[in-house]
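Note: the block below is model.cif and it holds mmCIF, C-alpha atoms and all ligand atoms.
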data_target
#
loop_
_atom_site.label_atom_id
_atom_site.label_comp_id
_atom_site.auth_asym_id
_atom_site.auth_seq_id
_atom_site.Cartn_x
_atom_site.Cartn_y
_atom_site.Cartn_z
CA MET A 1 91.89 80.10 112.82
CA LYS A 2 89.32 81.79 115.02
CA ILE A 3 88.86 85.35 113.87
CA ASP A 4 88.15 87.72 116.79
CA ARG A 5 87.78 91.02 115.05
CA ILE A 6 87.97 92.74 111.67
CA GLU A 7 88.70 96.43 111.14
CA ILE A 8 88.37 98.52 108.04
CA GLU A 9 90.01 101.90 107.94
CA LEU A 10 89.64 104.61 105.29
CA CYS A 11 93.03 106.26 104.85
CA SER A 12 94.50 109.04 102.77
CA LEU A 13 98.14 109.82 101.97
CA PRO A 14 99.55 112.71 99.90
CA TYR A 15 101.84 111.79 96.97
CA VAL A 16 105.34 113.28 96.90
CA HIS A 17 104.58 114.25 93.29
CA PHE A 18 101.20 114.44 91.57
CA PHE A 19 100.27 111.48 89.37
CA GLU A 20 98.51 112.25 86.09
CA THR A 21 97.12 109.70 83.65
CA SER A 22 94.74 109.99 80.71
CA LEU A 23 92.01 109.82 83.39
CA GLY A 24 93.15 112.93 85.28
CA ARG A 25 95.58 114.31 87.87
CA GLU A 26 95.68 113.12 91.50
CA GLU A 27 97.57 114.69 94.39
CA ASP A 28 96.85 112.01 96.97
CA ARG A 29 95.52 108.50 97.38
CA THR A 30 92.52 107.29 99.37
CA PHE A 31 92.23 103.57 100.08
CA ILE A 32 90.87 101.13 102.65
CA LEU A 33 93.08 99.11 104.96
CA VAL A 34 91.65 95.79 106.08
CA LYS A 35 92.88 94.24 109.34
CA VAL A 36 91.87 90.76 110.42
CA TYR A 37 92.72 89.75 114.01
CA ALA A 38 92.96 86.13 115.15
CA GLU A 39 94.77 84.38 117.96
CA GLY A 40 96.90 87.42 118.74
CA ILE A 41 97.98 87.97 115.12
CA CYS A 42 96.87 90.70 112.68
CA GLY A 43 96.68 90.17 108.92
CA TYR A 44 96.78 93.31 106.76
CA GLY A 45 95.26 93.92 103.34
CA GLU A 46 94.65 96.97 101.18
CA THR A 47 91.72 97.74 98.91
CA VAL A 48 92.92 99.73 95.92
CA ALA A 49 89.63 101.34 94.88
CA ASP A 50 90.07 105.12 94.64
CA LYS A 51 87.76 108.05 95.48
CA ALA A 52 86.22 108.31 92.02
CA PRO A 53 85.25 105.58 89.50
CA LEU A 54 87.91 106.53 86.91
CA TYR A 55 90.26 103.56 86.60
CA SER A 56 87.46 101.17 87.59
CA TYR A 57 83.79 101.38 88.55
CA GLU A 58 84.67 100.67 92.17
CA THR A 59 85.26 103.51 94.62
CA THR A 60 86.30 103.67 98.25
CA GLN A 61 82.62 104.06 99.09
CA THR A 62 81.40 101.06 97.08
CA ALA A 63 84.23 98.96 98.53
CA TRP A 64 83.37 100.16 102.05
CA LEU A 65 79.76 99.17 101.51
CA MET A 66 80.67 95.75 100.07
CA LEU A 67 83.02 95.02 102.96
CA LYS A 68 80.62 96.28 105.63
CA ASP A 69 77.33 94.83 104.40
CA TYR A 70 78.34 91.70 102.50
CA LEU A 71 81.93 90.43 102.62
CA ILE A 72 82.74 90.80 106.33
CA PRO A 73 79.30 89.49 107.44
CA LEU A 74 79.80 86.50 105.09
CA LEU A 75 83.20 85.77 106.56
CA ILE A 76 82.03 86.05 110.16
CA ARG A 77 78.74 84.17 109.77
CA LYS A 78 80.40 81.26 107.96
CA SER A 79 83.52 81.34 110.19
CA LEU A 80 85.79 81.58 107.14
CA SER A 81 89.48 82.21 107.68
CA GLU A 82 91.19 80.33 104.85
CA PRO A 83 91.77 82.54 101.78
CA LEU A 84 90.53 79.81 99.41
CA ASP A 85 87.28 79.30 101.35
CA PHE A 86 86.67 83.05 101.31
CA TYR A 87 87.45 83.23 97.56
CA GLU A 88 84.92 80.47 96.81
CA GLU A 89 82.15 81.81 99.05
CA ALA A 90 82.60 85.44 97.96
CA LYS A 91 81.83 84.44 94.35
CA ILE A 92 78.14 84.64 95.28
CA PHE A 93 78.51 88.43 95.15
CA LYS A 94 78.92 89.75 91.61
CA GLY A 95 81.86 91.96 90.78
CA HIS A 96 83.55 94.29 93.27
CA PRO A 97 86.94 92.57 92.95
CA MET A 98 88.83 95.38 94.70
CA ALA A 99 86.72 95.06 97.84
CA LYS A 100 87.20 91.27 97.81
CA ALA A 101 90.95 91.55 97.22
CA GLY A 102 91.60 93.70 100.30
CA LEU A 103 89.98 91.15 102.58
CA GLU A 104 91.49 88.12 100.85
CA MET A 105 94.98 89.60 101.10
CA ALA A 106 94.50 90.22 104.83
CA LEU A 107 93.60 86.52 105.20
CA TRP A 108 96.76 85.52 103.31
CA ASP A 109 98.91 87.69 105.58
CA LEU A 110 97.21 86.16 108.62
CA ALA A 111 97.70 82.58 107.37
CA ALA A 112 101.37 83.13 106.58
CA LYS A 113 102.04 84.80 109.94
CA GLN A 114 100.36 81.93 111.75
CA LYS A 115 102.57 79.43 109.88
CA GLY A 116 105.61 81.65 110.46
CA VAL A 117 106.52 81.85 106.75
CA PRO A 118 106.78 84.72 104.27
CA LEU A 119 103.98 84.96 101.73
CA TRP A 120 106.22 84.17 98.78
CA LYS A 121 106.85 80.73 100.24
CA LEU A 122 103.14 80.03 100.64
CA TYR A 123 102.61 81.07 97.02
CA GLY A 124 105.42 78.86 95.73
CA GLY A 125 107.43 81.85 94.53
CA SER A 126 110.98 81.37 93.33
CA GLN A 127 112.51 84.84 92.79
CA LYS A 128 114.44 86.27 95.75
CA GLU A 129 114.79 89.70 94.15
CA ILE A 130 112.41 91.18 91.64
CA PRO A 131 113.18 93.75 88.91
CA SER A 132 111.78 97.20 89.55
CA GLY A 133 110.42 99.72 87.05
CA VAL A 134 108.81 103.10 87.52
CA SER A 135 105.58 104.48 86.07
CA ILE A 136 105.81 108.20 85.30
CA GLY A 137 102.67 110.28 84.92
CA ILE A 138 101.92 112.98 82.37
CA GLN A 139 103.97 116.09 83.25
CA ASP A 140 103.43 119.81 82.58
CA SER A 141 106.20 119.82 79.99
CA GLN A 142 108.46 117.43 78.13
CA SER A 143 111.56 118.92 79.76
CA GLN A 144 110.14 118.14 83.21
CA LEU A 145 109.48 114.60 82.03
CA ILE A 146 113.06 114.21 80.80
CA HIS A 147 114.38 115.40 84.18
CA ARG A 148 112.22 112.91 86.04
CA ILE A 149 113.32 110.05 83.81
CA GLN A 150 116.97 111.02 84.30
CA ALA A 151 116.56 111.04 88.09
CA PHE A 152 114.81 107.65 88.19
CA LEU A 153 117.45 106.10 85.93
CA GLU A 154 120.15 107.38 88.28
CA GLU A 155 118.37 105.61 91.13
CA GLY A 156 118.71 102.40 89.15
CA TYR A 157 115.19 101.61 87.89
CA GLN A 158 115.38 99.00 85.15
CA ARG A 159 112.65 100.44 82.95
CA ILE A 160 110.53 103.50 82.49
CA LYS A 161 106.79 103.44 81.80
CA LEU A 162 105.22 106.62 80.46
CA LYS A 163 101.57 107.46 80.81
CA ILE A 164 100.24 108.58 77.43
CA LYS A 165 97.08 110.01 75.88
CA PRO A 166 96.29 111.46 72.43
CA GLY A 167 98.52 114.55 72.17
CA TRP A 168 100.99 113.36 74.85
CA ASP A 169 102.31 110.37 72.96
CA VAL A 170 104.22 110.33 69.66
CA SER A 171 106.35 113.45 70.11
CA VAL A 172 106.95 112.61 73.76
CA CYS A 173 108.19 109.11 72.91
CA ARG A 174 110.32 110.43 70.04
CA ASN A 175 111.96 112.95 72.35
CA VAL A 176 112.50 110.45 75.17
CA ARG A 177 113.95 107.90 72.75
CA GLU A 178 116.36 110.48 71.33
CA LYS A 179 117.59 111.40 74.81
CA PHE A 180 117.71 107.80 76.09
CA PRO A 181 118.32 105.52 73.08
CA ASP A 182 118.96 102.32 75.04
CA ILE A 183 116.59 102.30 78.01
CA ARG A 184 113.77 99.81 78.48
CA LEU A 185 110.74 101.97 77.73
CA GLN A 186 107.00 101.28 77.58
CA VAL A 187 103.76 103.26 77.59
CA ASP A 188 100.32 103.00 79.19
CA ALA A 189 97.21 104.74 77.83
CA ASN A 190 94.57 103.59 80.35
CA GLY A 191 92.10 103.21 77.49
CA ALA A 192 92.46 106.74 76.07
CA TYR A 193 92.33 105.72 72.39
CA VAL A 194 89.53 104.51 70.12
CA TYR A 195 89.75 102.35 67.03
CA CYS A 196 89.59 105.17 64.43
CA LEU A 197 91.98 106.30 61.71
CA ASP A 198 93.39 109.20 63.70
CA ASP A 199 94.19 107.21 66.81
CA LYS A 200 95.36 104.19 64.86
CA LYS A 201 97.92 106.36 63.08
CA ARG A 202 99.24 107.58 66.45
CA LEU A 203 99.48 104.01 67.77
CA LEU A 204 101.27 102.81 64.60
CA ASP A 205 103.71 105.72 64.96
CA LEU A 206 104.52 104.48 68.47
CA ASP A 207 105.59 101.22 66.86
CA THR A 208 108.82 102.85 65.67
CA PHE A 209 110.35 103.64 69.09
CA GLY A 210 111.42 100.18 70.25
CA LEU A 211 108.90 100.14 73.08
CA GLU A 212 108.79 97.05 75.24
CA MET A 213 104.99 97.15 75.16
CA ILE A 214 101.95 99.40 74.74
CA GLU A 215 99.56 98.97 77.66
CA GLN A 216 95.77 99.21 77.39
CA PRO A 217 95.24 101.58 74.44
CA PHE A 218 91.47 100.89 74.27
CA VAL A 219 88.67 100.61 76.84
CA PRO A 220 88.61 97.53 79.10
CA TYR A 221 85.84 95.49 77.43
CA ASP A 222 87.33 95.87 73.96
CA LEU A 223 89.28 92.65 73.42
CA TRP A 224 88.32 92.65 69.76
CA ASP A 225 89.82 95.99 68.75
CA HIS A 226 92.96 95.22 70.72
CA ALA A 227 93.29 92.05 68.62
CA ARG A 228 92.81 94.00 65.38
CA LEU A 229 95.44 96.52 66.46
CA GLN A 230 97.92 93.84 67.57
CA GLU A 231 97.81 92.35 64.05
CA ASP A 232 99.24 95.59 62.69
CA LEU A 233 101.81 96.24 65.43
CA HIS A 234 105.25 94.77 66.04
CA THR A 235 105.24 96.12 69.60
CA PRO A 236 103.49 93.74 72.00
CA LEU A 237 100.22 94.97 73.44
CA CYS A 238 99.81 94.54 77.18
CA LEU A 239 96.40 94.38 78.82
CA ASP A 240 95.72 95.73 82.30
CA GLU A 241 92.10 96.86 82.86
CA SER A 242 90.76 94.32 80.33
CA ILE A 243 91.94 91.30 82.34
CA ILE A 244 89.34 90.74 85.02
CA ASN A 245 90.03 87.04 85.68
CA ALA A 246 91.74 83.92 84.29
CA GLU A 247 88.90 83.35 81.82
CA THR A 248 89.31 86.78 80.15
CA ALA A 249 93.07 86.21 80.14
CA ARG A 250 92.54 82.99 78.18
CA LYS A 251 90.16 84.66 75.76
CA ALA A 252 92.53 87.57 75.22
CA MET A 253 95.31 85.09 74.43
CA GLU A 254 93.14 83.04 72.06
CA MET A 255 91.95 86.15 70.23
CA GLY A 256 95.45 87.63 70.00
CA SER A 257 94.41 90.75 71.90
CA CYS A 258 97.77 91.03 73.66
CA ARG A 259 101.17 89.39 74.09
CA VAL A 260 101.75 90.40 77.71
CA ILE A 261 99.51 90.75 80.75
CA ASN A 262 99.82 93.12 83.69
CA ILE A 263 98.47 91.39 86.81
CA LYS A 264 97.27 93.49 89.71
CA ALA A 265 95.98 91.44 92.64
CA GLY A 266 94.01 94.45 93.85
CA ARG A 267 92.20 94.74 90.52
CA VAL A 268 91.39 91.06 89.82
CA GLY A 269 89.98 90.18 93.24
CA GLY A 270 93.02 88.94 95.11
CA ILE A 271 95.93 86.53 95.12
CA ILE A 272 94.01 83.41 94.13
CA GLU A 273 92.65 84.96 90.94
CA SER A 274 96.10 86.44 90.24
CA LYS A 275 97.66 82.99 90.49
CA ARG A 276 94.99 81.56 88.20
CA ILE A 277 95.84 84.24 85.63
CA HIS A 278 99.57 83.65 86.13
CA ASP A 279 99.10 79.91 85.60
CA VAL A 280 96.94 80.10 82.49
CA CYS A 281 99.41 82.56 80.96
CA GLN A 282 102.35 80.33 81.84
CA LYS A 283 100.61 77.35 80.22
CA ASN A 284 100.22 79.38 77.04
CA SER A 285 103.75 80.84 77.13
CA MET A 286 102.55 84.37 77.73
CA PRO A 287 104.72 86.32 80.18
CA VAL A 288 103.17 88.52 82.87
CA TRP A 289 104.39 91.28 85.16
CA CYS A 290 103.05 92.92 88.28
CA GLY A 291 101.30 96.27 88.06
CA GLY A 292 100.59 98.68 90.88
CA MET A 293 97.92 101.12 91.99
CA LEU A 294 100.23 103.48 93.90
CA GLU A 295 99.47 101.39 96.97
CA SER A 296 100.81 102.14 100.41
CA GLY A 297 103.61 99.85 101.50
CA ILE A 298 101.05 97.35 102.78
CA GLY A 299 99.45 96.70 99.39
CA ARG A 300 102.81 96.95 97.65
CA ALA A 301 104.42 94.38 99.95
CA HIS A 302 101.62 91.99 98.96
CA ASN A 303 102.40 92.65 95.28
CA VAL A 304 106.13 92.06 95.84
CA HIS A 305 105.45 88.54 97.16
CA LEU A 306 103.10 87.75 94.27
CA ALA A 307 105.74 88.89 91.75
CA THR A 308 108.11 86.10 92.90
CA LEU A 309 106.13 83.51 90.90
CA PRO A 310 108.11 82.16 87.95
CA ASN A 311 106.09 83.58 85.02
CA PHE A 312 106.53 87.21 86.21
CA LYS A 313 109.10 88.17 83.62
CA PHE A 314 109.36 91.94 83.19
CA PRO A 315 110.32 94.81 85.51
CA HIS A 316 107.27 95.64 87.61
CA ASP A 317 105.42 98.82 88.54
CA LEU A 318 106.73 98.26 92.06
CA SER A 319 108.96 101.14 93.06
CA ALA A 320 110.56 102.39 96.27
CA SER A 321 108.31 103.74 99.05
CA LYS A 322 109.86 107.21 98.80
CA ARG A 323 108.87 107.49 95.14
CA TYR A 324 105.22 107.52 96.25
CA TYR A 325 104.97 108.81 99.83
CA ALA A 326 107.09 110.95 102.16
CA GLU A 327 106.16 108.59 104.97
CA ASP A 328 105.02 105.13 103.93
CA LEU A 329 102.91 103.06 106.33
CA ILE A 330 105.53 100.34 106.81
CA GLU A 331 108.99 99.76 108.26
CA PRO A 332 111.38 99.14 106.75
CA PRO A 333 110.24 101.07 103.67
CA ILE A 334 110.48 99.32 100.31
CA ASP A 335 113.71 100.32 98.64
CA ILE A 336 115.52 99.43 95.45
CA THR A 337 119.05 98.08 95.18
CA GLY A 338 121.71 99.64 92.96
CA GLN A 339 120.81 96.96 90.38
CA GLY A 340 117.21 98.20 90.26
CA THR A 341 115.72 95.27 92.13
CA ILE A 342 113.59 94.89 95.25
CA LYS A 343 114.71 92.30 97.78
CA VAL A 344 111.73 90.17 98.76
CA PRO A 345 111.12 90.28 102.54
CA ASP A 346 111.82 87.04 104.37
CA LEU A 347 109.91 87.65 107.60
CA PRO A 348 106.48 86.01 108.14
CA GLY A 349 103.47 87.24 106.15
CA ILE A 350 104.00 90.44 104.17
CA GLY A 351 107.35 90.62 105.94
CA VAL A 352 107.22 94.35 106.74
CA SER A 353 105.72 96.05 109.82
CA PRO A 354 102.71 98.33 109.41
CA GLN A 355 103.18 101.43 111.59
CA GLU A 356 99.97 101.90 113.58
CA LYS A 357 100.81 105.51 114.53
CA ARG A 358 101.19 106.49 110.89
CA ILE A 359 98.01 104.63 110.01
CA GLN A 360 96.13 106.62 112.67
CA LYS A 361 97.53 109.83 111.18
CA ALA A 362 96.31 108.84 107.70
CA SER A 363 92.98 107.51 108.97
CA GLN A 364 89.70 109.29 108.22
CA LEU A 365 87.19 106.68 109.30
CA LYS A 366 87.32 103.32 111.01
CA LYS A 367 84.81 100.55 111.63
CA ILE A 368 85.25 97.54 113.89
CA PHE A 369 83.37 94.24 113.44
CA LYS A 370 83.16 91.60 116.14
CA LYS A 371 81.60 88.16 116.08
CA SER A 372 78.97 89.36 118.56
CA ASP A 373 77.79 92.01 116.03
CA PHE A 374 76.28 89.27 113.85
O1 LIG A 401 97.31 101.72 84.84
O2 LIG A 401 99.02 100.84 85.68
C1 LIG A 401 98.09 101.66 85.75
C2 LIG A 401 98.42 103.78 88.92
C3 LIG A 401 97.10 103.93 89.25
C4 LIG A 401 96.15 103.40 88.44
C5 LIG A 401 96.50 102.69 87.29
C6 LIG A 401 97.83 102.51 86.96
C7 LIG A 401 98.81 103.09 87.79
C8 LIG A 401 100.24 103.03 87.51
C9 LIG A 401 101.17 103.21 88.69
O3 LIG A 401 100.71 102.95 86.41
C10 LIG A 401 101.89 101.99 89.06
C11 LIG A 401 102.54 102.06 90.43
O4 LIG A 401 101.88 101.73 91.44
O5 LIG A 401 103.72 102.42 90.49
MG MG A 402 97.93 100.23 83.43
#
Will you turn the file into structure tokens for me?
Ligand code: OSB
Ligand code: MG
Amino acid sequence: MKIDRIEIELCSLPYVHFFETSLGREEDRTFILVKVYAEGICGYGETVADKAPLYSYETTQTAWLMLKDYLIPLLIRKSLSEPLDFYEEAKIFKGHPMAKAGLEMALWDLAAKQKGVPLWKLYGGSQKEIPSGVSIGIQDSQSQLIHRIQAFLEEGYQRIKLKIKPGWDVSVCRNVREKFPDIRLQVDANGAYVYCLDDKKRLLDLDTFGLEMIEQPFVPYDLWDHARLQEDLHTPLCLDESIINAETARKAMEMGSCRVINIKAGRVGGIIESKRIHDVCQKNSMPVWCGGMLESGIGRAHNVHLATLPNFKFPHDLSASKRYYAEDLIEPPIDITGQGTIKVPDLPGIGVSPQEKRIQKASQLKKIFKKSDF
């Protein structure tokens, strides 16, 4: 396809409820939308880097710079429009997977819209509905947490994920388990623990609550300590931040660092790397599931299509639009069924319609690139 124009747009949306992890509390989300125009069609992508380098070293500003000075010029100068060509060529630039992912996903949306098929078909997905879970941040009190869990269960979510950190962990899980003995429950520490006696005792205590998994207790690079911990735990460990590509996924499996992997296309550099991780896990009989970064409906719709691949086997961190934002950027909003599933859109591309008026309202900065600029 002949690309006419690319736009990047820095947007910000307030959350309906603050989101607190071991890394801190956030009241809103800032992200970059990527729009690629060709032959009268627009492909949309979302870069999940946040304002500050907390979850990852990337920020909205580093991603903006990578897109503006390197990735978009590369794409335009080499006339790339196929996602795979872009993925291969963009390897020349080290790191910055979130910046790459936003652009690659826009190319996928464009390609699928041009072919007139939904993304899940292009990916070879097989699940028509995907199971939905909800990730609940650290609250001001345990009673507020219990109320939130109750409300989400009533909406039908199939599992609850709790954000934990030292001090908001063992007693919280004990209390939640007492109130909800049978629910599918898991926890995510975003690397808040270290391999020391104190923290190890806390993590071993968590082993008694029938958790589906414990996600990312240690810092991202630490495959070794995750492996040592997994030896002593019955509960499967799940890695999120540690898995940067298919090669680290293989090493984590070989070392025994985890038994489950959380794939986020926005974190690992896009759909192609996500599929590589999915495939290497499938080959080694390790199930995966789809994580989220509190994306707008645009990024989340991309994740929904990815999660239709056959080795995605747990409820995902893909929840209804209204759980994140009062007014999501898409129509129809993403919703969950009474069975706690999300129906995968069947229209071309991401299969939902970005609402330009709402995007303009959320927009703080926009830059347009044309072929003639290079
Ligand atoms: O670690 O999974 C995480 C949100 C932002 C950054 C990191 C994480 C999360 C979530 C929310 O857990 C998942 C969602 O989008 O619902
Ligand atoms: Mg996580």
Check your understanding: What do you get as a count of residues only if you pick all residues at most 7 Å from ligand MG 402 (chain A), counting only C-alpha atoms and all ligand atoms?
Key -> 7
Practice item. Extract, using all atoms listed in the file, all DNA, RNA and protein residues at most 7 Å from Ala106 in chain A, discarding same-chain residues fewer than 6 positions from it, and format them as a PyMOL selection string. Key: chain A and resi 34-36+43-45
Within 10 Å of ligand LIG 401 (chain A): each chain A residue with its shortest pair, all atoms listed in the file, as CSV:
residue,atom,partner,partner_atom,distance
A:Phe19,CA,A:LIG401,C2,7.9
A:Glu20,CA,A:LIG401,C2,8.9
A:Thr21,CA,A:LIG401,C5,7.9
A:Ser22,CA,A:LIG401,O1,9.6
A:Leu23,CA,A:LIG401,C4,9.2
A:Glu26,CA,A:LIG401,C3,9.6
A:Arg29,CA,A:LIG401,C3,9.5
A:Val48,CA,A:LIG401,C3,8.9
A:Ala49,CA,A:LIG401,C4,9.4
A:Asp50,CA,A:LIG401,C4,8.9
A:Leu54,CA,A:LIG401,C4,8.9
A:Tyr55,CA,A:LIG401,C4,6.2
A:Ser56,CA,A:LIG401,C4,9.0
A:Ser132,CA,A:LIG401,O5,9.6
A:Gly133,CA,A:LIG401,O5,8.0
A:Val134,CA,A:LIG401,O5,5.9
A:Ser135,CA,A:LIG401,O3,5.1
A:Ile136,CA,A:LIG401,O3,7.4
A:Gly137,CA,A:LIG401,O3,7.7
A:Lys161,CA,A:LIG401,O3,7.6
A:Leu162,CA,A:LIG401,O3,8.3
A:Lys163,CA,A:LIG401,O3,7.2
A:Val187,CA,A:LIG401,O3,9.3
A:Asp188,CA,A:LIG401,O1,6.5
A:Ala189,CA,A:LIG401,O1,7.6
A:Asn190,CA,A:LIG401,O1,5.6
A:Gly191,CA,A:LIG401,O1,9.1
A:Glu215,CA,A:LIG401,O1,8.0
A:Gln216,CA,A:LIG401,O1,8.0
A:Leu239,CA,A:LIG401,O1,9.5
A:Asp240,CA,A:LIG401,O1,6.7
A:Glu241,CA,A:LIG401,O1,7.4
A:Asn262,CA,A:LIG401,O2,8.0
A:Ile263,CA,A:LIG401,O2,9.5
A:Lys264,CA,A:LIG401,O2,8.6
A:Arg267,CA,A:LIG401,C5,9.6
A:Cys290,CA,A:LIG401,C10,9.2
A:Gly291,CA,A:LIG401,O2,5.6
A:Gly292,CA,A:LIG401,O4,3.4
A:Met293,CA,A:LIG401,C3,4.0
A:Leu294,CA,A:LIG401,O4,3.4
A:Glu295,CA,A:LIG401,O4,6.0
A:Ser296,CA,A:LIG401,O4,9.0
A:Gly299,CA,A:LIG401,O4,9.7
A:Arg300,CA,A:LIG401,O4,7.9
A:Asn303,CA,A:LIG401,O4,9.9
A:His316,CA,A:LIG401,O5,8.2
A:Asp317,CA,A:LIG401,O5,4.4
A:Leu318,CA,A:LIG401,O5,5.4
A:Ser319,CA,A:LIG401,O5,6.0
A:Ala320,CA,A:LIG401,O5,9.0
A:Ser321,CA,A:LIG401,O5,9.8
A:Arg323,CA,A:LIG401,O5,8.6
A:Tyr324,CA,A:LIG401,O5,7.8
Prev. selection, C-alpha atoms, output as a PDB file, in the coordinates of the input:
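Wrote it out as part-v3.pdb, contents follow:
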ATOM      1  CA  PHE A  19     100.270 111.480  89.370  1.00  0.00           C
ATOM      2  CA  GLU A  20      98.510 112.250  86.090  1.00  0.00           C
ATOM      3  CA  THR A  21      97.120 109.700  83.650  1.00  0.00           C
ATOM      4  CA  SER A  22      94.740 109.990  80.710  1.00  0.00           C
ATOM      5  CA  LEU A  23      92.010 109.820  83.390  1.00  0.00           C
ATOM      6  CA  GLU A  26      95.680 113.120  91.500  1.00  0.00           C
ATOM      7  CA  ARG A  29      95.520 108.500  97.380  1.00  0.00           C
ATOM      8  CA  VAL A  48      92.920  99.730  95.920  1.00  0.00           C
ATOM      9  CA  ALA A  49      89.630 101.340  94.880  1.00  0.00           C
ATOM     10  CA  ASP A  50      90.070 105.120  94.640  1.00  0.00           C
ATOM     11  CA  LEU A  54      87.910 106.530  86.910  1.00  0.00           C
ATOM     12  CA  TYR A  55      90.260 103.560  86.600  1.00  0.00           C
ATOM     13  CA  SER A  56      87.460 101.170  87.590  1.00  0.00           C
ATOM     14  CA  SER A 132     111.780  97.200  89.550  1.00  0.00           C
ATOM     15  CA  GLY A 133     110.420  99.720  87.050  1.00  0.00           C
ATOM     16  CA  VAL A 134     108.810 103.100  87.520  1.00  0.00           C
ATOM     17  CA  SER A 135     105.580 104.480  86.070  1.00  0.00           C
ATOM     18  CA  ILE A 136     105.810 108.200  85.300  1.00  0.00           C
ATOM     19  CA  GLY A 137     102.670 110.280  84.920  1.00  0.00           C
ATOM     20  CA  LYS A 161     106.790 103.440  81.800  1.00  0.00           C
ATOM     21  CA  LEU A 162     105.220 106.620  80.460  1.00  0.00           C
ATOM     22  CA  LYS A 163     101.570 107.460  80.810  1.00  0.00           C
ATOM     23  CA  VAL A 187     103.760 103.260  77.590  1.00  0.00           C
ATOM     24  CA  ASP A 188     100.320 103.000  79.190  1.00  0.00           C
ATOM     25  CA  ALA A 189      97.210 104.740  77.830  1.00  0.00           C
ATOM     26  CA  ASN A 190      94.570 103.590  80.350  1.00  0.00           C
ATOM     27  CA  GLY A 191      92.100 103.210  77.490  1.00  0.00           C
ATOM     28  CA  GLU A 215      99.560  98.970  77.660  1.00  0.00           C
ATOM     29  CA  GLN A 216      95.770  99.210  77.390  1.00  0.00           C
ATOM     30  CA  LEU A 239      96.400  94.380  78.820  1.00  0.00           C
ATOM     31  CA  ASP A 240      95.720  95.730  82.300  1.00  0.00           C
ATOM     32  CA  GLU A 241      92.100  96.860  82.860  1.00  0.00           C
ATOM     33  CA  ASN A 262      99.820  93.120  83.690  1.00  0.00           C
ATOM     34  CA  ILE A 263      98.470  91.390  86.810  1.00  0.00           C
ATOM     35  CA  LYS A 264      97.270  93.490  89.710  1.00  0.00           C
ATOM     36  CA  ARG A 267      92.200  94.740  90.520  1.00  0.00           C
ATOM     37  CA  CYS A 290     103.050  92.920  88.280  1.00  0.00           C
ATOM     38  CA  GLY A 291     101.300  96.270  88.060  1.00  0.00           C
ATOM     39  CA  GLY A 292     100.590  98.680  90.880  1.00  0.00           C
ATOM     40  CA  MET A 293      97.920 101.120  91.990  1.00  0.00           C
ATOM     41  CA  LEU A 294     100.230 103.480  93.900  1.00  0.00           C
ATOM     42  CA  GLU A 295      99.470 101.390  96.970  1.00  0.00           C
ATOM     43  CA  SER A 296     100.810 102.140 100.410  1.00  0.00           C
ATOM     44  CA  GLY A 299      99.450  96.700  99.390  1.00  0.00           C
ATOM     45  CA  ARG A 300     102.810  96.950  97.650  1.00  0.00           C
ATOM     46  CA  ASN A 303     102.400  92.650  95.280  1.00  0.00           C
ATOM     47  CA  HIS A 316     107.270  95.640  87.610  1.00  0.00           C
ATOM     48  CA  ASP A 317     105.420  98.820  88.540  1.00  0.00           C
ATOM     49  CA  LEU A 318     106.730  98.260  92.060  1.00  0.00           C
ATOM     50  CA  SER A 319     108.960 101.140  93.060  1.00  0.00           C
ATOM     51  CA  ALA A 320     110.560 102.390  96.270  1.00  0.00           C
ATOM     52  CA  SER A 321     108.310 103.740  99.050  1.00  0.00           C
ATOM     53  CA  ARG A 323     108.870 107.490  95.140  1.00  0.00           C
ATOM     54  CA  TYR A 324     105.220 107.520  96.250  1.00  0.00           C
TER      55      TYR A 324
END
Practice item. Using only C-alpha atoms, determine which residues lie at most 10 Å from Ile214 in chain A, disregarding the query and same-chain residues fewer than 3 positions distant; provide the list as an MDAnalysis selection string. Key: chainID A and resid 161:162 164 185:189 203 206:207 211 217 230 233 235:239 258 260
For range 326-333 of chain A, take all atoms listed in the file, fit an axis-aligned box around them, add 5 Å to each of the six sides, then output centre and edge lengths in Å rounded to one decimal, as lines of an AutoDock Vina configuration file.
center_x = 107.1
center_y = 105.0
center_z = 105.2
size_x = 18.5
size_y = 21.8
size_z = 16.1
Practice item. Skip range 71-80 of chain A itself and residues of its chain fewer than 6 positions away, then list as a list in words all residues within 9 Å of it, counting only C-alpha atoms. Key: Met1, Lys2, Ile3, Ile6, Phe86, Glu89, Ala90, Phe93, Ala99, Lys100, Leu103, Phe369, Lys370, Lys371 and Phe374 of chain A
Review point. Any idea what's packed within 9 Å of Glu104 in chain A, counting all atoms listed in the file, ignoring anything in its chain fewer than 3 positions away? Could you give it as a list in words?
Key: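 Here the answer would be Gly45, Glu82, Pro83, Leu84, Phe86, Tyr87, Ala99, Lys100, Ala101, Leu107, Trp108, Asp109, Gly269, Gly270, Ile271 and Ile272 of chain A.
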Point to revise | Closest of A:Gly125, A:Gly338, A:Pro181, A:Gly297 to Phe209 in chain A - atom-to-atom distances counting all atoms listed in the file | key: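 Checking each of A:Gly125, A:Gly338, A:Pro181, A:Gly297 against Phe209 in chain A, counting all atoms listed in the file, the winner is A:Pro181.
Between CA of Asp4 in chain A and CA of Lys113 in chain A the separation is 15.8 Å.
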Study note, to complete from the structure: Separating CA of Glu155 in chain A from CA of Tyr325 in chain A, to the nearest tenth of an Å, is a gap of 16.3 Å
Point to revise | Two-atom distance - CA of Gln282 in chain A, CA of Phe312 in chain A (Å) | key: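 Computing the Euclidean distance for CA of Gln282 in chain A and CA of Phe312 in chain A yields 9.2 Å.
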Point to revise | Spatial neighbours of His278 in chain A, 12 Å, all atoms listed in the file, chain gap at least 2 places, as a VMD selection string | key: chain A and resid 123 125 243 245 to 247 249 to 250 260 to 265 268 271 to 276 280 to 290 306 to 313
